[in-house]
Amino acid sequence: MEKFPENRSEKRRFILSKDERLCSKKQIEKLFTEGDTFLVYPLKIVYTEIESKGLGPAKVVFAVSTKIFKKAVFRNLVKRRMREAYRLNKQLLQAENNPAPLGIVFIYIGKKILDFHSIEKAMKRSLALLRKNSIPNP
RNA sequence: GCGGCAGGUUGCUUUAUCGCCUCGAUGAAAGUCGGGGAGGAAAGUCCGGGCAACGCAGGGCACCGUGCUUCUUAACGAGAAGAACUUCGAAAGGGGUUAUGAGCGUAACAGAAAACAACCACCCCGCUGCAGUUUGUCUGCAGCAGGGAACGGGUGAAAAGGCGGGGUAAAAGCCCACCGGUGGUUGUGGUGACACAAUCAGCCGUACGUAUCACGGGUUGCAAAGCCAAAUAUAUCCCGAUUAUGCACCUGAAAUUGCAUAGCGAAGUUGCCCGCUUCGCAACUGGAUUACAUCCGGAUGUCGGGAGGGGUAGGCUGCAAGGACCAAAACAGCAAUGUUUUGGCAAGAUAAAUGAUAAAGGCCUCUUUGAAAAAGGGGUACAGAACCCGGCUUAUAAACCUGCCAUUUUU
RNA sequence: UGUCCCGUGGUGUAAUUGGCAACACGUCUGAUUUUGGUUCAGAAGAGUCCAAGUUCGAGCCUUGGCGGGACAA
């Protein structure tokens, strides 16, 4: 039942404030035109390096298409689950000698609403892949 | 008890761990502490307002919307209480329609005909032919011409008031009785739509559209609108100023003023416009030349404002707590609602917060069992603020309250 | 968020003020051809996005849903 026994002392570890989210329309457009993509079902990830003075290792966007979920309630639910999954696992992305921050877009592609645990599993896998890809890339 | 009808209300709770947005206090900062954080529909965007920008003397036409009555309301196409007709239901009740009717248009197919009229059949008068014989101004049949009437004619969604009698050559509201419907007048009741009664009239169709009448509507919407920052290129058009050249006038030291010019046509370039390129013509000007012609060369702008085009996609105000606000009680009213008193008011994001995970409980339902208890399974909806209000419409697991109708049992 | 438009065979379009849902391409079958294409002949394939209403009768008129699209500092 004790999910985070060793991290309890470091409180800042699970914070995800507005500074770590990508809000500029310009930067998002740049990300979609220049970024690399890969797929970890049910997520599609688009990422690239960005210029930022932020604190965290990356700036993130969570996206769910209107074409997949018509109702706003279900879109919000999926986005909240994705955000929680990133918030609890973003330390996986924190490499030692990797100062250049990333801009990442997580796009939900699945046709059904999955529960939190399967989304978290996909998130962990995609974060590991992101770390592997970003280190050799200059 | 069971089934139904109408109206209204609520629409899961608690704990643990990790978080998100915002306001206040404190602090140099990191942070810490405290307060607050979705709905009855936040939805659809179908109506009506507030608010903002632009426009606007006033009026009319056009266009759009609404259309029984009275009332409510800031306003409405909304609501309340009613009226007439119609329809569904056994009932309680539910749904629909209703401004005007003078004129004009349409009513497929079928049918004689879709409302003017004509046709078939019917009846009358006249003429011609044939037949009959009680030999007559006769009867019957056929044809031609003229008239009568709209009673009959398999249809159709709809057929010219219904039924009976009189009447006639044959018929017909042509006339009469009863009934239905329309319109006028009078009386009674009602604020009114209208209802009831009496009397008179003429014999009377339907649906939709057009038309007419009354009332309302300026247009666009918070991505409105204003400010700051950042960024870009003024193609083209219009207006004003200025400049260059020439001429005229004035001055003769310099300045000033007025007029003209700063184009036109053809072809090509993506169908068109602009622009661009090429060619031709006209005109200004410098030089060569005695002069015309000719030859060589140059210029056909600049600035400001508007339209338009281009760039930016960041922040602040609008915008977050007092207004057509909500709740309760009293009074007025059948009711919608109004008045007074008392109490209460803090969601404010902007790639868009209001949560995620785990557990426990509540409620409903199914199975096991004779029943209860217990155990196990399933369900716990619709749905997420985006400038703000009033309605309407649509979606909604389950529960509760009030009134009424029908039925069964008991007293 | 606001404003506006559209929905007809597989695809693209018609349907005159309400009256038998039409055309082209495509598909299928047959003929021609050694075979395929071309060409010719024939056939199938919709009930007009859904549900109510008005009407004797709705693709068309009215209302409410559903789906798709466009525009805007």
# chains A, B, ... in the order shown; residues from 1 in each chain; ligands from 1
>>> closest_atom_pairs(of="stretch 308-350 of chain B", to="stretch 62-76 of chain B", cutoff="10 Å", atoms="only C-alpha atoms (C1' of nucleotides)", output="tab-separated table")
residue	atom	partner	partner_atom	distance
B:A324	C1'	B:A74	C1'	5.4
B:A335	C1'	B:U72	C1'	10.0
B:A336	C1'	B:U72	C1'	5.9
B:U337	C1'	B:U72	C1'	5.9
B:G338	C1'	B:U72	C1'	9.3
>>> closest_atom_pairs(of="chain A", to="chain B", cutoff="7 Å", atoms="only C-alpha atoms (C1' of nucleotides)", output="CSV")
residue,atom,partner,partner_atom,distance
A:Ile15,CA,B:G19,C1',7.0
A:Cys23,CA,B:A351,C1',5.9
A:Ala72,CA,B:G384,C1',6.6
A:Val73,CA,B:G384,C1',5.7
A:Arg80,CA,B:G355,C1',6.9
A:Arg81,CA,B:A356,C1',6.4
A:Glu84,CA,B:A356,C1',6.1
>>> residues_around(residues="A:Ile68", least_positions_apart="5", cutoff="12 Å", atoms="only C-alpha atoms (C1' of nucleotides)", output="PDB file with C-alpha atoms, in the first residue's frame")
ATOM      1  CA  ALA A  63      -3.785  16.637 -25.793  1.00  0.00           C
ATOM      2  CA  PHE A  74     -14.298  12.377 -21.011  1.00  0.00           C
ATOM      3  CA  ARG A  75     -11.583  14.546 -22.538  1.00  0.00           C
ATOM      4  CA  VAL A  78      -8.233  11.402 -19.838  1.00  0.00           C
ATOM      5  CA  ILE A 107      -1.421  12.882 -27.545  1.00  0.00           C
ATOM      6  CA  TYR A 108      -4.010  10.296 -26.554  1.00  0.00           C
ATOM      7  CA  ILE A 109      -4.809   8.013 -29.475  1.00  0.00           C
ATOM      8  CA  GLY A 110      -6.802   5.149 -27.911  1.00  0.00           C
ATOM      9  CA  LYS A 111     -10.449   4.856 -28.839  1.00  0.00           C
ATOM     10  CA  LYS A 112     -11.557   3.812 -25.320  1.00  0.00           C
ATOM     11  CA  ILE A 113     -11.065   5.415 -21.926  1.00  0.00           C
TER      12      ILE A 113
END
>>> residues_around(residues="B:C127", least_positions_apart="6", cutoff="12 Å", atoms="only C-alpha atoms (C1' of nucleotides)", output="VMD selection string")
chain B and resid 143 to 146
>>> residues_around(residues="stretch 46-61 of chain C", least_positions_apart="4", cutoff="7 Å", atoms="only C-alpha atoms (C1' of nucleotides)", output="NGL selection string")
(:B and (157)) or (:C and (7-9 or 18 or 66))
>>> write_last_selection(atoms="C-alpha atoms (C1' of nucleotides)", output="compact mmCIF listing (two decimals), in the first residue's frame")
# COMPACT_ATOMS: atom_id res chain seq x y z
C1' A B 157 -58.61 13.85 -49.44
C1' G C 7 -26.69 16.75 -45.19
C1' U C 8 -30.23 12.71 -51.72
C1' G C 9 -27.54 5.26 -54.73
C1' G C 18 -45.60 20.24 -52.08
C1' C C 66 -27.58 14.02 -34.76
>>> closest_residue(among="A:Ile28, A:Glu49, A:Lys67, A:Lys59", to="chain C", atoms="only C-alpha atoms (C1' of nucleotides)")
A:Lys67
>>> atom_distance(atom1="atom C1' of B:C47", atom2="atom C1' of B:U394")
15.6 Å
>>> residues_around(residues="B:C296", least_positions_apart="3", cutoff="12 Å", atoms="only C-alpha atoms (C1' of nucleotides)", output="list in words")
G286, G287 and A288 of chain B
>>> select_by_dssp(residues="stretch 18-109 of chain A", states="strand (DSSP E or B)", output="PDB file with N, CA and C atoms, in the first residue's frame")
ATOM      1  N   ARG A  21       4.417  23.570 -17.833  1.00  0.00           N
ATOM      2  CA  ARG A  21       3.543  23.288 -18.968  1.00  0.00           C
ATOM      3  C   ARG A  21       3.820  24.285 -20.087  1.00  0.00           C
ATOM      4  N   ASP A  36      10.347  15.284 -33.371  1.00  0.00           N
ATOM      5  CA  ASP A  36      10.355  13.852 -33.686  1.00  0.00           C
ATOM      6  C   ASP A  36       9.183  13.201 -32.968  1.00  0.00           C
ATOM      7  N   THR A  37       8.709  12.056 -33.532  1.00  0.00           N
ATOM      8  CA  THR A  37       7.561  11.393 -32.943  1.00  0.00           C
ATOM      9  C   THR A  37       7.820   9.920 -32.781  1.00  0.00           C
ATOM     10  N   PHE A  38       7.217   9.329 -31.755  1.00  0.00           N
ATOM     11  CA  PHE A  38       7.128   7.874 -31.668  1.00  0.00           C
ATOM     12  C   PHE A  38       5.845   7.504 -30.940  1.00  0.00           C
ATOM     13  N   LEU A  39       5.551   6.200 -30.924  1.00  0.00           N
ATOM     14  CA  LEU A  39       4.246   5.763 -30.463  1.00  0.00           C
ATOM     15  C   LEU A  39       4.397   4.729 -29.355  1.00  0.00           C
ATOM     16  N   VAL A  40       3.742   4.946 -28.230  1.00  0.00           N
ATOM     17  CA  VAL A  40       3.601   3.916 -27.196  1.00  0.00           C
ATOM     18  C   VAL A  40       2.122   3.864 -26.877  1.00  0.00           C
ATOM     19  N   LEU A  43      -0.482   6.224 -26.369  1.00  0.00           N
ATOM     20  CA  LEU A  43       0.040   7.588 -26.443  1.00  0.00           C
ATOM     21  C   LEU A  43       0.873   7.789 -27.689  1.00  0.00           C
ATOM     22  N   LYS A  44       0.810   9.014 -28.217  1.00  0.00           N
ATOM     23  CA  LYS A  44       1.715   9.434 -29.287  1.00  0.00           C
ATOM     24  C   LYS A  44       2.509  10.598 -28.743  1.00  0.00           C
ATOM     25  N   ILE A  45       3.832  10.529 -28.895  1.00  0.00           N
ATOM     26  CA  ILE A  45       4.689  11.531 -28.284  1.00  0.00           C
ATOM     27  C   ILE A  45       5.412  12.325 -29.365  1.00  0.00           C
ATOM     28  N   VAL A  46       5.351  13.631 -29.241  1.00  0.00           N
ATOM     29  CA  VAL A  46       6.085  14.539 -30.121  1.00  0.00           C
ATOM     30  C   VAL A  46       7.008  15.339 -29.232  1.00  0.00           C
ATOM     31  N   TYR A  47       8.320  15.384 -29.576  1.00  0.00           N
ATOM     32  CA  TYR A  47       9.249  16.099 -28.688  1.00  0.00           C
ATOM     33  C   TYR A  47      10.328  16.773 -29.496  1.00  0.00           C
ATOM     34  N   THR A  48      10.913  17.825 -28.902  1.00  0.00           N
ATOM     35  CA  THR A  48      12.075  18.494 -29.459  1.00  0.00           C
ATOM     36  C   THR A  48      12.707  19.315 -28.346  1.00  0.00           C
ATOM     37  N   GLU A  49      13.926  19.834 -28.641  1.00  0.00           N
ATOM     38  CA  GLU A  49      14.577  20.691 -27.641  1.00  0.00           C
ATOM     39  C   GLU A  49      14.044  22.102 -27.768  1.00  0.00           C
ATOM     40  N   ALA A  58      11.525  19.405 -18.496  1.00  0.00           N
ATOM     41  CA  ALA A  58      10.785  19.491 -19.761  1.00  0.00           C
ATOM     42  C   ALA A  58       9.571  20.395 -19.572  1.00  0.00           C
ATOM     43  N   LYS A  59       9.035  20.840 -20.722  1.00  0.00           N
ATOM     44  CA  LYS A  59       7.736  21.514 -20.742  1.00  0.00           C
ATOM     45  C   LYS A  59       6.761  20.624 -21.506  1.00  0.00           C
ATOM     46  N   VAL A  60       5.585  20.467 -20.959  1.00  0.00           N
ATOM     47  CA  VAL A  60       4.722  19.383 -21.400  1.00  0.00           C
ATOM     48  C   VAL A  60       3.359  19.916 -21.846  1.00  0.00           C
ATOM     49  N   VAL A  61       2.764  19.208 -22.814  1.00  0.00           N
ATOM     50  CA  VAL A  61       1.393  19.479 -23.239  1.00  0.00           C
ATOM     51  C   VAL A  61       0.662  18.140 -23.257  1.00  0.00           C
ATOM     52  N   PHE A  62      -0.572  18.130 -22.791  1.00  0.00           N
ATOM     53  CA  PHE A  62      -1.398  16.928 -22.870  1.00  0.00           C
ATOM     54  C   PHE A  62      -2.566  17.218 -23.801  1.00  0.00           C
ATOM     55  N   ALA A  63      -2.770  16.354 -24.777  1.00  0.00           N
ATOM     56  CA  ALA A  63      -3.785  16.637 -25.793  1.00  0.00           C
ATOM     57  C   ALA A  63      -4.667  15.425 -26.011  1.00  0.00           C
ATOM     58  N   VAL A  64      -5.975  15.676 -26.119  1.00  0.00           N
ATOM     59  CA  VAL A  64      -6.949  14.646 -26.484  1.00  0.00           C
ATOM     60  C   VAL A  64      -7.830  15.239 -27.570  1.00  0.00           C
ATOM     61  N   LEU A 102      13.404  19.682 -22.765  1.00  0.00           N
ATOM     62  CA  LEU A 102      12.616  19.186 -23.895  1.00  0.00           C
ATOM     63  C   LEU A 102      11.218  19.812 -23.870  1.00  0.00           C
ATOM     64  N   GLY A 103      10.649  19.945 -25.072  1.00  0.00           N
ATOM     65  CA  GLY A 103       9.222  20.229 -25.175  1.00  0.00           C
ATOM     66  C   GLY A 103       8.535  18.966 -25.636  1.00  0.00           C
ATOM     67  N   ILE A 104       7.537  18.517 -24.889  1.00  0.00           N
ATOM     68  CA  ILE A 104       6.906  17.235 -25.187  1.00  0.00           C
ATOM     69  C   ILE A 104       5.401  17.425 -25.297  1.00  0.00           C
ATOM     70  N   VAL A 105       4.816  16.773 -26.286  1.00  0.00           N
ATOM     71  CA  VAL A 105       3.357  16.711 -26.393  1.00  0.00           C
ATOM     72  C   VAL A 105       2.945  15.250 -26.268  1.00  0.00           C
ATOM     73  N   PHE A 106       2.053  14.982 -25.328  1.00  0.00           N
ATOM     74  CA  PHE A 106       1.473  13.644 -25.201  1.00  0.00           C
ATOM     75  C   PHE A 106       0.075  13.683 -25.812  1.00  0.00           C
ATOM     76  N   ILE A 107      -0.116  12.925 -26.878  1.00  0.00           N
ATOM     77  CA  ILE A 107      -1.421  12.882 -27.545  1.00  0.00           C
ATOM     78  C   ILE A 107      -2.052  11.524 -27.294  1.00  0.00           C
ATOM     79  N   TYR A 108      -3.302  11.549 -26.833  1.00  0.00           N
ATOM     80  CA  TYR A 108      -4.010  10.296 -26.554  1.00  0.00           C
ATOM     81  C   TYR A 108      -4.656   9.810 -27.836  1.00  0.00           C
TER      82      TYR A 108
END
>>> decode(residues="chain C", atoms="C-alpha atoms (C1' of nucleotides)", output="PDB file, in the first residue's frame")
ATOM      1  C1'   U C   1     -16.325  31.289 -27.166  1.00  0.00           C
ATOM      2  C1'   G C   2     -19.364  33.597 -30.882  1.00  0.00           C
ATOM      3  C1'   U C   3     -21.503  33.829 -35.913  1.00  0.00           C
ATOM      4  C1'   C C   4     -23.007  31.152 -40.242  1.00  0.00           C
ATOM      5  C1'   C C   5     -23.724  27.126 -43.874  1.00  0.00           C
ATOM      6  C1'   C C   6     -24.640  22.092 -45.454  1.00  0.00           C
ATOM      7  C1'   G C   7     -26.686  16.754 -45.189  1.00  0.00           C
ATOM      8  C1'   U C   8     -30.233  12.707 -51.724  1.00  0.00           C
ATOM      9  C1'   G C   9     -27.542   5.262 -54.727  1.00  0.00           C
ATOM     10  C1'   G C  10     -20.372   3.577 -53.693  1.00  0.00           C
ATOM     11  C1'   U C  11     -18.766   8.993 -55.620  1.00  0.00           C
ATOM     12  C1'   G C  12     -20.250  13.843 -57.734  1.00  0.00           C
ATOM     13  C1'   U C  13     -24.662  16.520 -58.730  1.00  0.00           C
ATOM     14  C1'   A C  14     -30.424  17.323 -60.302  1.00  0.00           C
ATOM     15  C1'   A C  15     -35.578  17.396 -58.778  1.00  0.00           C
ATOM     16  C1'   U C  16     -39.869  24.644 -61.778  1.00  0.00           C
ATOM     17  C1'   U C  17     -43.839  28.345 -56.070  1.00  0.00           C
ATOM     18  C1'   G C  18     -45.597  20.245 -52.077  1.00  0.00           C
ATOM     19  C1'   G C  19     -47.937  15.527 -56.691  1.00  0.00           C
ATOM     20  C1'   C C  20     -44.341   8.495 -60.042  1.00  0.00           C
ATOM     21  C1'   A C  21     -36.816  10.489 -56.594  1.00  0.00           C
ATOM     22  C1'   A C  22     -33.520  11.823 -62.237  1.00  0.00           C
ATOM     23  C1'   C C  23     -28.423  12.013 -64.580  1.00  0.00           C
ATOM     24  C1'   A C  24     -23.123  10.978 -65.098  1.00  0.00           C
ATOM     25  C1'   C C  25     -18.994   8.119 -63.350  1.00  0.00           C
ATOM     26  C1'   G C  26     -18.276   3.559 -60.832  1.00  0.00           C
ATOM     27  C1'   U C  27     -20.183  -1.863 -59.827  1.00  0.00           C
ATOM     28  C1'   C C  28     -22.266  -6.516 -61.890  1.00  0.00           C
ATOM     29  C1'   U C  29     -23.890  -9.644 -66.239  1.00  0.00           C
ATOM     30  C1'   G C  30     -23.676 -10.681 -71.476  1.00  0.00           C
ATOM     31  C1'   A C  31     -21.688  -9.701 -76.554  1.00  0.00           C
ATOM     32  C1'   U C  32     -17.314  -8.301 -79.532  1.00  0.00           C
ATOM     33  C1'   U C  33     -11.627  -9.965 -78.747  1.00  0.00           C
ATOM     34  C1'   U C  34      -6.641 -15.358 -78.426  1.00  0.00           C
ATOM     35  C1'   U C  35      -6.755 -12.362 -73.542  1.00  0.00           C
ATOM     36  C1'   G C  36      -7.261  -7.409 -71.349  1.00  0.00           C
ATOM     37  C1'   G C  37      -8.799  -2.419 -72.541  1.00  0.00           C
ATOM     38  C1'   U C  38     -12.153   0.391 -75.753  1.00  0.00           C
ATOM     39  C1'   U C  39     -17.102  -0.113 -77.681  1.00  0.00           C
ATOM     40  C1'   C C  40     -22.276  -2.046 -77.599  1.00  0.00           C
ATOM     41  C1'   A C  41     -26.599  -4.138 -74.870  1.00  0.00           C
ATOM     42  C1'   G C  42     -28.872  -5.019 -70.167  1.00  0.00           C
ATOM     43  C1'   A C  43     -29.344  -5.175 -64.790  1.00  0.00           C
ATOM     44  C1'   A C  44     -28.765  -4.219 -59.701  1.00  0.00           C
ATOM     45  C1'   G C  45     -28.012  -0.527 -56.244  1.00  0.00           C
ATOM     46  C1'   A C  46     -31.894   5.109 -52.301  1.00  0.00           C
ATOM     47  C1'   G C  47     -36.728   5.752 -49.998  1.00  0.00           C
ATOM     48  C1'   U C  48     -33.690  11.505 -49.458  1.00  0.00           C
ATOM     49  C1'   C C  49     -29.134  12.075 -41.686  1.00  0.00           C
ATOM     50  C1'   C C  50     -32.965  10.816 -37.387  1.00  0.00           C
ATOM     51  C1'   A C  51     -37.763  11.768 -34.879  1.00  0.00           C
ATOM     52  C1'   A C  52     -42.339  14.380 -34.429  1.00  0.00           C
ATOM     53  C1'   G C  53     -45.968  17.875 -36.679  1.00  0.00           C
ATOM     54  C1'   U C  54     -48.904  20.563 -40.778  1.00  0.00           C
ATOM     55  C1'   U C  55     -51.352  18.326 -45.187  1.00  0.00           C
ATOM     56  C1'   C C  56     -55.445  14.000 -48.928  1.00  0.00           C
ATOM     57  C1'   G C  57     -50.094  13.601 -49.894  1.00  0.00           C
ATOM     58  C1'   A C  58     -43.469  15.948 -47.646  1.00  0.00           C
ATOM     59  C1'   G C  59     -36.684  15.345 -50.648  1.00  0.00           C
ATOM     60  C1'   C C  60     -39.257  20.322 -50.475  1.00  0.00           C
ATOM     61  C1'   C C  61     -42.944  23.605 -45.229  1.00  0.00           C
ATOM     62  C1'   U C  62     -42.466  23.862 -39.398  1.00  0.00           C
ATOM     63  C1'   U C  63     -40.116  22.177 -34.709  1.00  0.00           C
ATOM     64  C1'   G C  64     -36.468  19.403 -31.957  1.00  0.00           C
ATOM     65  C1'   G C  65     -32.187  16.242 -32.124  1.00  0.00           C
ATOM     66  C1'   C C  66     -27.576  14.020 -34.756  1.00  0.00           C
ATOM     67  C1'   G C  67     -23.409  14.559 -37.914  1.00  0.00           C
ATOM     68  C1'   G C  68     -19.996  17.438 -41.054  1.00  0.00           C
ATOM     69  C1'   G C  69     -17.765  22.057 -42.485  1.00  0.00           C
ATOM     70  C1'   A C  70     -16.405  27.445 -42.824  1.00  0.00           C
ATOM     71  C1'   C C  71     -15.295  32.216 -40.751  1.00  0.00           C
ATOM     72  C1'   A C  72     -13.285  35.608 -36.721  1.00  0.00           C
ATOM     73  C1'   A C  73      -8.191  39.797 -32.314  1.00  0.00           C
TER      74        A C  73
END
